[in-house]
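As stored in upload-v7.cif (mmCIF, C-alpha atoms):
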```
data_coords
#
loop_
_atom_site.label_atom_id
_atom_site.label_comp_id
_atom_site.auth_asym_id
_atom_site.auth_seq_id
_atom_site.Cartn_x
_atom_site.Cartn_y
_atom_site.Cartn_z
CA MET A 584 -35.69 -2.22 16.08
CA LEU A 585 -34.07 -0.33 18.95
CA SER A 586 -34.38 -3.38 21.17
CA SER A 587 -32.66 -5.47 18.48
CA LEU A 588 -29.79 -2.99 18.27
CA ALA A 589 -29.49 -2.93 22.06
CA SER A 590 -29.16 -6.72 22.11
CA ILE A 591 -26.01 -6.57 19.94
CA ALA A 592 -24.52 -3.33 21.30
CA THR A 593 -21.77 -4.98 23.36
CA LEU A 594 -20.98 -7.38 20.53
CA MET A 595 -20.63 -4.47 18.08
CA LEU A 596 -18.37 -2.58 20.48
CA SER A 597 -16.05 -5.59 20.68
CA THR A 598 -16.17 -5.87 16.89
CA LEU A 599 -15.35 -2.18 16.46
CA LEU A 600 -12.28 -2.41 18.71
CA MET A 601 -11.11 -5.69 17.20
CA MET A 602 -11.37 -4.29 13.67
CA ALA A 603 -9.55 -1.10 14.69
CA GLY A 604 -6.64 -3.22 15.89
CA PHE A 605 -6.90 -5.38 12.78
CA GLY A 606 -6.78 -2.34 10.48
CA LEU A 607 -3.79 -0.92 12.35
CA MET A 608 -1.94 -4.24 12.24
CA GLY A 609 -2.75 -4.97 8.60
CA TYR A 610 -1.35 -1.64 7.40
CA MET A 611 1.52 -1.25 9.86
CA LEU A 612 3.24 -4.60 9.29
CA PRO A 613 3.74 -4.30 5.49
CA ILE A 614 5.21 -0.81 5.91
CA ARG A 615 7.57 -2.03 8.64
CA SER A 616 8.50 -4.97 6.39
CA LEU A 617 9.53 -2.57 3.63
CA ASN A 618 11.53 -0.47 6.08
CA GLU A 619 13.37 -3.63 7.14
CA GLY A 620 14.47 -4.04 3.55
CA TRP A 621 12.51 -7.23 2.90
CA SER A 622 11.58 -7.89 -0.72
CA THR A 623 8.00 -7.97 -1.95
CA PHE A 624 8.38 -11.72 -2.42
CA ILE A 625 9.37 -12.18 1.24
CA ILE A 626 6.45 -9.96 2.31
CA SER A 627 4.09 -12.10 0.24
CA VAL A 628 5.50 -15.23 1.93
CA ILE A 629 4.79 -13.66 5.32
CA ALA A 630 1.24 -13.01 4.16
CA THR A 631 0.71 -16.71 3.39
CA GLY A 632 1.16 -17.41 7.10
CA TYR A 633 -1.83 -15.21 7.85
CA THR A 634 -4.04 -16.73 5.16
CA PHE A 635 -3.12 -20.30 6.12
CA GLY A 636 -3.95 -19.60 9.77
CA PHE A 637 -7.20 -17.92 8.71
CA THR A 638 -8.33 -20.96 6.71
CA MET A 639 -7.37 -23.48 9.39
CA SER A 640 -9.28 -21.55 12.05
CA CYS A 641 -12.53 -21.84 10.10
CA ILE A 642 -12.16 -25.62 10.41
CA VAL A 643 -10.75 -25.91 13.95
CA THR A 644 -12.50 -23.15 15.92
CA PRO A 645 -15.97 -24.83 15.92
CA ILE A 646 -14.41 -27.86 17.63
CA PHE A 647 -13.09 -25.70 20.49
CA VAL A 648 -16.42 -23.91 20.82
CA ARG A 649 -18.25 -27.21 21.25
CA ARG A 650 -15.91 -28.12 24.08
CA VAL A 651 -15.61 -24.94 26.14
CA GLY A 652 -18.14 -22.41 24.81
CA HIS A 653 -18.15 -19.12 22.91
CA VAL A 654 -16.95 -16.70 25.57
CA ARG A 655 -13.90 -18.73 26.60
CA VAL A 656 -12.85 -19.32 23.02
CA PHE A 657 -13.36 -15.65 22.15
CA GLY A 658 -11.18 -14.67 25.11
CA ALA A 659 -8.46 -17.09 24.02
CA LEU A 660 -8.54 -15.81 20.44
CA ILE A 661 -8.30 -12.15 21.44
CA THR A 662 -5.40 -13.04 23.73
CA LEU A 663 -3.74 -14.79 20.79
CA LEU A 664 -4.20 -11.67 18.66
CA THR A 665 -2.58 -9.55 21.37
CA VAL A 666 0.34 -11.94 21.75
CA SER A 667 0.90 -12.16 17.98
CA ILE A 668 1.36 -8.42 17.50
CA LEU A 669 3.62 -8.08 20.55
CA LEU A 670 5.78 -10.93 19.26
CA CYS A 671 6.16 -9.05 15.97
CA ALA A 672 7.65 -6.15 17.94
CA LEU A 673 9.99 -8.42 19.89
CA VAL A 674 11.32 -10.62 17.07
CA VAL A 675 11.79 -8.72 13.81
CA GLU A 676 12.68 -11.60 11.49
CA TRP A 677 10.67 -12.45 8.39
CA TRP A 678 10.43 -16.19 9.19
CA ALA A 679 9.19 -15.39 12.69
CA TRP A 680 6.65 -12.90 11.35
CA MET A 681 5.26 -15.58 9.05
CA ILE A 682 4.53 -17.70 12.15
CA PHE A 683 3.15 -14.76 14.12
CA ARG A 684 0.94 -13.75 11.19
CA GLY A 685 -0.35 -17.32 11.13
CA LEU A 686 -1.37 -16.93 14.76
CA SER A 687 -3.15 -13.65 14.03
CA GLY A 688 -4.93 -15.13 11.02
CA PHE A 689 -6.14 -18.06 13.11
CA ALA A 690 -7.35 -15.69 15.82
CA ILE A 691 -9.13 -13.14 13.62
CA ALA A 692 -10.96 -15.82 11.60
CA GLY A 693 -12.12 -17.56 14.77
CA ALA A 694 -13.27 -14.27 16.28
CA TYR A 695 -15.24 -13.47 13.12
CA LEU A 696 -16.84 -16.90 13.24
CA LEU A 697 -17.95 -16.39 16.84
CA ILE A 698 -19.27 -12.87 16.22
CA GLU A 699 -21.30 -13.98 13.22
CA SER A 700 -22.72 -16.95 15.11
CA TRP A 701 -23.90 -14.55 17.82
CA LEU A 702 -25.45 -12.31 15.22
CA ASN A 703 -27.24 -15.17 13.49
CA GLU A 704 -29.01 -15.99 16.76
CA ARG A 705 -30.12 -12.40 17.22
CA VAL A 706 -31.53 -11.78 13.75
CA THR A 707 -34.95 -12.55 12.35
CA ASN A 708 -36.30 -12.26 8.83
CA ASP A 709 -37.60 -8.80 9.76
CA ASN A 710 -34.35 -7.33 11.09
CA ARG A 711 -31.66 -9.40 9.32
CA GLY A 712 -30.82 -6.74 6.74
CA ALA A 713 -30.68 -3.91 9.28
CA LEU A 714 -28.55 -5.76 11.84
CA PHE A 715 -26.07 -7.09 9.31
CA SER A 716 -25.82 -3.59 7.82
CA VAL A 717 -24.86 -2.34 11.28
CA TYR A 718 -22.31 -5.14 11.46
CA MET A 719 -20.79 -4.25 8.09
CA VAL A 720 -20.60 -0.55 8.93
CA THR A 721 -19.00 -1.37 12.29
CA CYS A 722 -16.32 -3.49 10.59
CA LEU A 723 -15.71 -0.81 7.97
CA VAL A 724 -15.41 2.06 10.46
CA GLY A 725 -13.16 0.06 12.78
CA SER A 726 -10.82 -1.10 10.03
CA ILE A 727 -10.50 2.34 8.42
CA GLY A 728 -10.03 4.01 11.80
CA GLY A 729 -7.22 1.61 12.66
CA GLN A 730 -5.44 2.30 9.37
CA TYR A 731 -5.42 6.03 10.08
CA ILE A 732 -3.61 5.44 13.38
CA VAL A 733 -0.49 4.42 11.44
CA PRO A 734 0.39 7.95 10.16
CA LEU A 735 0.23 9.20 13.77
CA GLY A 736 3.14 7.07 14.94
CA ASP A 737 6.46 5.55 13.92
CA VAL A 738 6.24 2.04 12.47
CA ASN A 739 9.95 1.53 13.20
CA GLY A 740 9.42 1.84 16.95
CA PRO A 741 7.45 -0.25 19.45
CA ASN A 742 4.69 2.25 20.27
CA LEU A 743 2.27 1.38 17.47
CA PHE A 744 2.67 -2.31 18.24
CA ILE A 745 1.82 -1.66 21.88
CA ILE A 746 -1.18 0.50 20.95
CA CYS A 747 -2.43 -2.28 18.67
CA ALA A 748 -2.11 -4.83 21.49
CA LEU A 749 -3.99 -2.52 23.86
CA ILE A 750 -6.85 -2.13 21.38
CA PHE A 751 -7.10 -5.90 20.94
CA SER A 752 -7.14 -6.37 24.72
CA LEU A 753 -9.94 -3.83 25.13
CA ALA A 754 -12.01 -5.73 22.56
CA LEU A 755 -12.35 -8.59 25.03
CA PHE A 756 -14.12 -6.60 27.75
CA PRO A 757 -17.57 -5.94 26.20
CA VAL A 758 -18.18 -9.62 25.36
CA ALA A 759 -16.57 -11.00 28.51
CA LEU A 760 -18.77 -8.79 30.75
CA SER A 761 -21.96 -9.20 28.72
CA THR A 762 -24.91 -10.99 30.33
CA ALA A 763 -26.32 -12.01 26.93
CA LYS A 764 -26.91 -15.73 26.41
CA SER A 765 -24.31 -17.53 24.29
CA PRO A 766 -25.54 -18.91 20.97
CA SER A 767 -25.84 -22.54 19.95
CA PRO A 768 -22.66 -24.46 19.04
CA ILE A 769 -21.19 -23.62 15.63
CA ALA A 770 -21.61 -26.17 12.88
CA GLU A 771 -18.36 -27.87 11.96
CA ALA A 772 -17.05 -27.20 8.47
CA ARG A 773 -17.86 -30.27 6.39
CA PHE A 774 -16.90 -29.70 2.79
CA ASP A 775 -17.17 -31.62 -0.46
CA LEU A 776 -15.20 -30.11 -3.34
CA ARG A 777 -16.46 -32.60 -5.93
CA ARG A 778 -20.07 -31.87 -5.02
CA LEU A 779 -19.42 -28.12 -5.31
CA TYR A 780 -17.89 -28.56 -8.77
CA ARG A 781 -20.85 -30.64 -9.94
CA ARG A 782 -23.33 -28.10 -8.62
CA SER A 783 -21.55 -24.94 -9.77
CA PRO A 784 -18.22 -25.00 -11.64
CA ILE A 785 -18.19 -21.18 -11.69
CA ALA A 786 -18.49 -21.08 -7.89
CA PHE A 787 -15.62 -23.59 -7.67
CA PHE A 788 -13.31 -21.66 -9.99
CA GLY A 789 -14.58 -18.28 -8.83
CA SER A 790 -13.82 -19.07 -5.19
CA LEU A 791 -10.15 -19.56 -6.00
CA LEU A 792 -10.12 -16.26 -7.90
CA SER A 793 -12.01 -14.35 -5.21
CA GLY A 794 -9.49 -15.57 -2.64
CA ALA A 795 -6.63 -14.51 -4.89
CA LEU A 796 -8.21 -11.09 -5.42
CA SER A 797 -8.99 -10.12 -1.84
CA GLY A 798 -6.03 -11.98 -0.32
CA THR A 799 -3.55 -10.34 -2.68
CA TRP A 800 -4.81 -6.81 -2.17
CA GLY A 801 -5.25 -7.29 1.59
CA SER A 802 -1.69 -8.58 1.93
CA LEU A 803 0.15 -6.33 -0.54
CA GLY A 804 -2.03 -3.22 -0.88
CA GLY A 805 0.00 -1.39 1.77
CA VAL A 806 3.22 -2.41 0.02
CA TYR A 807 1.87 -1.09 -3.29
CA SER A 808 0.95 2.29 -1.79
CA GLN A 809 4.40 2.78 -0.30
CA THR A 810 6.42 1.57 -3.29
CA ILE A 811 4.64 3.97 -5.67
CA GLY A 812 5.63 6.86 -3.40
CA MET A 813 2.47 7.56 -1.39
CA THR A 814 2.66 8.78 2.20
CA THR A 815 1.27 6.60 4.98
CA ALA A 816 -1.81 8.85 5.19
CA GLN A 817 -2.38 8.61 1.42
CA GLY A 818 -1.92 4.84 1.58
CA ALA A 819 -4.49 4.59 4.38
CA THR A 820 -6.93 6.56 2.23
CA LEU A 821 -6.37 4.22 -0.73
CA LEU A 822 -7.01 1.15 1.43
CA ALA A 823 -10.09 2.85 2.87
CA ALA A 824 -11.39 3.56 -0.64
CA PHE A 825 -11.23 -0.15 -1.49
CA LEU A 826 -13.09 -1.10 1.68
CA ALA A 827 -15.72 1.61 1.21
CA GLY A 828 -16.36 0.50 -2.36
CA GLY A 829 -16.91 -3.09 -1.27
CA ALA A 830 -19.20 -2.15 1.60
CA ILE A 831 -21.40 0.14 -0.49
CA SER A 832 -21.74 -2.13 -3.54
CA GLN A 833 -22.47 -5.53 -2.05
CA VAL A 834 -26.19 -5.10 -1.45
CA PRO A 835 -26.99 -3.42 -4.83
CA ILE A 836 -24.97 -6.05 -6.72
CA GLY A 837 -26.65 -8.80 -4.73
CA ARG A 838 -30.14 -7.48 -5.36
CA ILE A 839 -29.47 -7.23 -9.11
CA SER A 840 -28.15 -10.80 -9.16
CA ASP A 841 -31.27 -12.00 -7.35
CA ARG A 842 -33.37 -10.88 -10.33
CA MET A 843 -31.36 -12.31 -13.23
CA ASP A 844 -28.81 -14.96 -14.15
CA ARG A 845 -26.03 -14.33 -11.63
CA ARG A 846 -23.43 -15.27 -14.21
CA PHE A 847 -24.23 -12.12 -16.19
CA VAL A 848 -23.55 -10.13 -13.01
CA MET A 849 -20.27 -12.05 -12.61
CA ILE A 850 -19.27 -11.15 -16.18
CA ALA A 851 -20.17 -7.49 -15.62
CA SER A 852 -18.28 -7.42 -12.30
CA GLY A 853 -15.18 -8.98 -13.86
CA LEU A 854 -15.15 -6.59 -16.82
CA PHE A 855 -15.76 -3.61 -14.54
CA GLY A 856 -12.84 -4.78 -12.39
CA VAL A 857 -10.58 -4.98 -15.44
CA GLY A 858 -11.50 -1.42 -16.40
CA ALA A 859 -11.02 -0.09 -12.87
CA CYS A 860 -7.61 -1.76 -12.61
CA GLY A 861 -6.68 -0.13 -15.92
CA MET A 862 -7.62 3.23 -14.40
CA MET A 863 -5.35 2.57 -11.41
CA ILE A 864 -2.42 1.71 -13.68
CA ALA A 865 -3.04 4.82 -15.79
CA PHE A 866 -3.21 7.24 -12.84
CA GLY A 867 -0.55 5.78 -10.52
CA ALA A 868 0.62 8.09 -7.75
CA ASP A 869 0.65 11.17 -10.00
CA ASP A 870 -2.97 11.95 -9.16
CA PRO A 871 -3.84 10.55 -5.70
CA THR A 872 -7.49 11.66 -5.87
CA ALA A 873 -8.02 9.86 -9.18
CA LEU A 874 -6.26 6.82 -7.74
CA TYR A 875 -8.62 6.82 -4.74
CA ILE A 876 -11.62 6.91 -7.08
CA ALA A 877 -10.24 4.10 -9.21
CA GLY A 878 -9.48 2.09 -6.07
CA PHE A 879 -13.05 2.63 -4.87
CA PHE A 880 -14.31 1.24 -8.19
CA VAL A 881 -12.06 -1.82 -7.89
CA GLY A 882 -13.34 -2.41 -4.36
CA THR A 883 -16.96 -2.32 -5.54
CA VAL A 884 -16.44 -5.60 -7.39
CA LEU A 885 -13.45 -7.13 -5.58
CA TYR A 886 -15.27 -7.95 -2.34
CA PRO A 887 -18.77 -8.95 -3.61
CA VAL A 888 -17.30 -11.71 -5.82
CA TYR A 889 -17.18 -14.15 -2.89
CA SER A 890 -20.83 -13.62 -2.02
CA LEU A 891 -21.85 -14.05 -5.67
CA ASN A 892 -20.12 -17.45 -5.69
CA VAL A 893 -21.95 -18.58 -2.54
CA ALA A 894 -25.31 -17.38 -3.86
CA HIS A 895 -24.89 -19.10 -7.23
CA ALA A 896 -23.87 -22.40 -5.62
CA ASN A 897 -26.85 -22.25 -3.24
CA ASP A 898 -29.23 -21.55 -6.15
CA LEU A 899 -28.30 -24.93 -7.61
CA ALA A 900 -28.12 -26.86 -4.33
CA GLU A 901 -30.57 -28.61 -2.08
CA PRO A 902 -31.20 -26.87 1.28
CA HIS A 903 -29.33 -29.56 3.20
CA GLU A 904 -26.22 -28.85 1.05
CA TYR A 905 -25.90 -25.13 1.82
CA VAL A 906 -23.41 -25.38 4.69
CA THR A 907 -21.38 -28.14 3.03
CA LEU A 908 -21.03 -26.19 -0.22
CA SER A 909 -20.33 -22.90 1.57
CA SER A 910 -17.59 -24.63 3.54
CA ALA A 911 -16.09 -25.98 0.31
CA ILE A 912 -16.15 -22.45 -1.10
CA MET A 913 -14.38 -21.22 2.03
CA ILE A 914 -11.63 -23.85 1.61
CA LEU A 915 -11.08 -22.89 -2.03
CA TYR A 916 -11.11 -19.21 -1.07
CA GLY A 917 -8.40 -19.98 1.47
CA MET A 918 -6.30 -21.70 -1.21
CA GLY A 919 -6.63 -18.58 -3.33
CA THR A 920 -5.55 -16.30 -0.49
CA VAL A 921 -2.40 -18.40 -0.02
CA THR A 922 -1.36 -18.67 -3.68
CA GLY A 923 -2.46 -15.20 -4.87
CA PRO A 924 -0.04 -13.11 -2.78
CA ILE A 925 2.88 -15.41 -3.66
CA MET A 926 2.27 -15.01 -7.40
CA ALA A 927 1.62 -11.28 -7.17
CA GLY A 928 4.59 -10.72 -4.88
CA THR A 929 6.87 -12.50 -7.34
CA LEU A 930 5.57 -10.37 -10.20
CA MET A 931 6.07 -7.20 -8.16
CA GLN A 932 9.65 -8.29 -7.46
CA TRP A 933 10.32 -8.66 -11.18
CA LEU A 934 8.16 -5.95 -12.75
CA GLY A 935 7.54 -3.35 -10.03
CA PRO A 936 4.51 -2.35 -7.95
CA THR A 937 2.16 -1.88 -10.92
CA ALA A 938 2.32 -5.65 -11.46
CA LEU A 939 0.02 -6.02 -8.42
CA ILE A 940 -2.78 -4.15 -10.19
CA GLY A 941 -2.06 -6.08 -13.38
CA PHE A 942 -2.47 -9.31 -11.41
CA LEU A 943 -5.83 -8.15 -10.06
CA GLY A 944 -6.97 -7.17 -13.56
CA THR A 945 -5.96 -10.58 -14.93
CA ALA A 946 -7.91 -12.34 -12.18
CA PHE A 947 -10.99 -10.23 -12.96
CA ALA A 948 -10.64 -11.09 -16.67
CA LEU A 949 -10.43 -14.82 -15.91
CA TYR A 950 -13.51 -14.56 -13.71
CA ALA A 951 -15.54 -12.82 -16.40
CA GLY A 952 -14.29 -15.14 -19.11
CA TYR A 953 -15.09 -18.33 -17.25
CA ALA A 954 -18.56 -17.08 -16.31
CA ALA A 955 -19.21 -16.36 -20.00
CA TYR A 956 -18.00 -19.85 -20.93
CA ARG A 957 -20.32 -21.47 -18.35
CA ILE A 958 -23.31 -19.65 -19.85
CA THR A 959 -22.62 -21.48 -23.10
CA ARG A 960 -22.46 -24.81 -21.26
CA ARG A 961 -25.52 -24.60 -19.00
CA PRO A 962 -28.72 -22.58 -19.45
CA ASP A 963 -30.12 -20.65 -16.52
CA ASP A 964 -32.94 -22.86 -15.25
CA VAL A 965 -33.34 -21.17 -11.85
CA THR A 966 -36.28 -18.78 -11.61
CA PRO A 967 -35.98 -15.63 -9.47
CA GLU A 968 -38.57 -17.10 -7.09
CA ASP A 969 -36.45 -20.22 -6.50
CA LYS A 970 -33.20 -18.37 -5.85
CA THR A 971 -31.67 -18.11 -2.41
CA ASP A 972 -31.28 -14.59 -1.04
CA PHE A 973 -27.91 -12.95 -1.64
CA GLN A 974 -26.06 -12.45 1.66
CA ALA A 975 -23.40 -9.74 1.85
CA THR A 976 -20.36 -10.78 3.88
CA ILE A 977 -17.33 -9.00 5.31
CA LEU A 978 -15.07 -12.04 5.30
CA PRO A 979 -15.92 -15.60 4.32
CA MET A 980 -16.68 -17.96 7.16
CA GLN A 981 -18.80 -21.09 6.82
CA GLY A 982 -21.83 -19.58 5.18
CA ALA A 983 -24.87 -17.57 6.10
CA ASP A 984 -26.07 -19.92 8.82
CA ASN A 985 -22.90 -21.01 10.52
CA ALA A 986 -24.54 -21.03 13.93
CA SER A 987 -27.07 -23.70 13.05
CA PRO A 988 -26.60 -27.42 13.51
CA LEU A 989 -25.72 -29.22 10.31
CA PRO A 990 -28.70 -31.04 8.87
CA GLU A 991 -28.45 -34.76 8.41
CA PRO A 992 -28.32 -35.84 4.76
CA ASP A 993 -31.50 -37.40 3.46
CA LEU A 994 -31.74 -40.93 2.09
CA GLU A 995 -31.07 -39.80 -1.48
CA GLU A 996 -27.90 -37.97 -0.43
CA GLN A 997 -26.68 -40.96 1.60
CA LEU A 998 -27.18 -43.19 -1.42
CA GLU A 999 -25.28 -40.73 -3.62
CA LEU A 1000 -22.41 -40.52 -1.14
CA GLY A 1001 -22.29 -44.31 -0.97
CA ILE A 1002 -22.09 -44.59 -4.73
CA GLU A 1003 -19.30 -41.99 -4.87
CA SER A 1004 -17.29 -43.74 -2.15
CA GLY A 1005 -17.45 -46.98 -4.13
CA ARG A 1006 -15.97 -45.48 -7.29
#
```

Step by step, read the file and then write its structure as structure tokens.
Amino acid sequence: MLSSLASIATLMLSTLLMMAGFGLMGYMLPIRSLNEGWSTFIISVIATGYTFGFTMSCIVTPIFVRRVGHVRVFGALITLLTVSILLCALVVEWWAWMIFRGLSGFAIAGAYLLIESWLNERVTNDNRGALFSVYMVTCLVGSIGGQYIVPLGDVNGPNLFIICALIFSLALFPVALSTAKSPSPIAEARFDLRRLYRRSPIAFFGSLLSGALSGTWGSLGGVYSQTIGMTTAQGATLLAAFLAGGAISQVPIGRISDRMDRRFVMIASGLFGVGACGMMIAFGADDPTALYIAGFFVGTVLYPVYSLNVAHANDLAEPHEYVTLSSAIMILYGMGTVTGPIMAGTLMQWLGPTALIGFLGTAFALYAGYAAYRITRRPDDVTPEDKTDFQATILPMQGADNASPLPEPDLEEQLELGIESGR
């Protein structure tokens, strides 16, 4: 086990630094946006730049990796992250920030994709759980640590932007100087939305909702904390509570879903999310400790929703369809992350900051309701022994095995594709 940890030590150090910069950037920019007097709608529009860049990177980055290799692409992406945050300090205009956030979204998604492909080549069935747990903890610690840098500086000045750029730059060194062998080329993201809907309508619909949930909170959570009167330190704690809840709950929720109809777990998660959002609305900023606890509860179901969708789709798929369906889920997730912040930002503009939590609660209710409806339409005919293993994820990429070559479709699949193309 120690040798396995040693083999990913430099990779985890780069991840820790990258996530520290990411946490700092993700909390600092919304606060600065508010201080510039930009409306919540404009801030949500800026956020769509990030989510669009994030989604496009999951499609484009594998092409670059096949041409020039992992290390060079990782270096280019970290450089792009550094440039994007410095440009935000130089040009403080909302339309420019939307472009710069698109660059950062493209870079962070590509970096995640590369890191996970490295990890997938290091893990075995014996150490997969342990190594990915280390990965999740590293991401969590880095992101939370970066958020707590914000209260130490002035978001209206250039210093925090420069510190963020320095942290991103340092993240390049461990990987660039590592002697570890680069992994195999990343599989390109082939996706088939119609096939995903036929296999699992709840994964199709749920992917849009999971993108709306995590994209909306990730983009506007900092805005919410400031507009309800919290200090920057209190806001960092609220964001940390969400992340901690998601990190702690994913594995238990996944293990429960492995032993029963996952749709019942989806219903329970959605209803729990509705209740936790109600707690947040009830407490507000009057009781910060209670708000942290409620936020932790929301996080416990907000982040695992994506992994539940992937697991349910894979349960009903053939092995050669896993990457294709996971890529389709990723595309739908990206659509949700683009549209969710726009809708929530508009509601916040009209109704105030509490509308953000109301939006999350509505999305949870739709998720639970649709899962319940699907139970009435299709019985659970997947035995626990035939289920795929639930895989906890930090952010959606291409699926659990994105480092592996895509399998060629078998004769039956080719025939099916030929029939579909002739319709």

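Comparing the minimum interatomic distances between Pro924 of chain A and each of A:Phe787, A:Trp800, A:Phe947, A:Tyr731, counting all atoms listed in the file, we find that A:Trp800 sits nearest.
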
**Message:** As a check of understanding, name the residues that the PyMOL selection byres ((chain A and resi 613) around 10) selects in the supplied structure, as a PyMOL selection string.
**Reply:** chain A and resi 608-612+614-619+621+623+626-627+629-630+738+802-807+809

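Comparing A:Ile912, A:Leu697, A:Val884, A:Val906 by their smallest distance to Gln833 of chain A, the closest is A:Val884 (using only C-alpha atoms).
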
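Pairwise distance (atom CA of Gly606 of chain A, atom CA of Phe756 of chain A) equals 19.2 Å.
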
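A straight line drawn from atom CA of Ile811 of chain A to atom CA of Thr920 of chain A is 23.3 Å long.
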
task = Using the chain letters and numbering of this document, enumerate as a count of residues only the residues selected by the PyMOL selection byres ((chain A and resi 677) around 8).
result = 10

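Pairwise distance (atom CA of Leu596 of chain A, atom CA of Gly632 of chain A) equals 27.9 Å.
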
Put the listed atoms of segment 900-913 of chain A in a box along x, y and z with 4 Å added on every side and give me the centre and edge lengths in Å to one decimal, as JSON.
```
{"center_x": -22.8, "center_y": -25.4, "center_z": 0.2, "size_x": 24.8, "size_y": 16.3, "size_z": 17.0}
```

Requested in this report: Can you pull out every residue within 10 Å of Gly789 of chain A, counting all atoms listed in the file, but drop anything in the same chain fewer than 2 positions away, and send it as number ranges by chain?
Outcome: A: 783-787, 791-795, 849, 888-889, 891-893, 912, 915-916, 919, 946-947, 949-951, 953-954

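Residue nearest Leu599 of chain A, chosen from A:Met719, A:Ala823, A:Val628, A:Ala955 and counting only C-alpha atoms: A:Met719.
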
List the residues selected by the PyMOL selection byres ((chain A and resi 824) around 9) in the file shown, writing them as a PDB file with C-alpha atoms, keeping the file's coordinate frame.
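Listed below is the output, expr.pdb:
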```pdb
ATOM      1  CA  ALA A 819      -4.490   4.590   4.380  1.00  0.00           C
ATOM      2  CA  THR A 820      -6.930   6.560   2.230  1.00  0.00           C
ATOM      3  CA  LEU A 821      -6.370   4.220  -0.730  1.00  0.00           C
ATOM      4  CA  LEU A 822      -7.010   1.150   1.430  1.00  0.00           C
ATOM      5  CA  ALA A 823     -10.090   2.850   2.870  1.00  0.00           C
ATOM      6  CA  PHE A 825     -11.230  -0.150  -1.490  1.00  0.00           C
ATOM      7  CA  LEU A 826     -13.090  -1.100   1.680  1.00  0.00           C
ATOM      8  CA  ALA A 827     -15.720   1.610   1.210  1.00  0.00           C
ATOM      9  CA  GLY A 828     -16.360   0.500  -2.360  1.00  0.00           C
ATOM     10  CA  GLY A 829     -16.910  -3.090  -1.270  1.00  0.00           C
ATOM     11  CA  TYR A 875      -8.620   6.820  -4.740  1.00  0.00           C
ATOM     12  CA  ILE A 876     -11.620   6.910  -7.080  1.00  0.00           C
ATOM     13  CA  ALA A 877     -10.240   4.100  -9.210  1.00  0.00           C
ATOM     14  CA  GLY A 878      -9.480   2.090  -6.070  1.00  0.00           C
ATOM     15  CA  PHE A 879     -13.050   2.630  -4.870  1.00  0.00           C
ATOM     16  CA  PHE A 880     -14.310   1.240  -8.190  1.00  0.00           C
ATOM     17  CA  GLY A 882     -13.340  -2.410  -4.360  1.00  0.00           C
TER      18      GLY A 882
END
```

Item to complete: List the residues sitting within 7 Å of (2.3, 1.0, -7.5) in the file's frame, using all atoms listed in the file, as an MDAnalysis selection string.
Response: chainID A and resid 807:808 810:811 867 936:937

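Compared by their closest atoms to Leu854 of chain A, and using all atoms listed in the file, the residues A:Ile836, A:Met601, A:Val674, A:Ala948 rank with A:Ala948 nearest.
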
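Candidate residues A:Ala694, A:Leu779, A:Ala865, A:Leu600 were compared for distance to Val648 of chain A, and the nearest is A:Ala694, using all atoms listed in the file.
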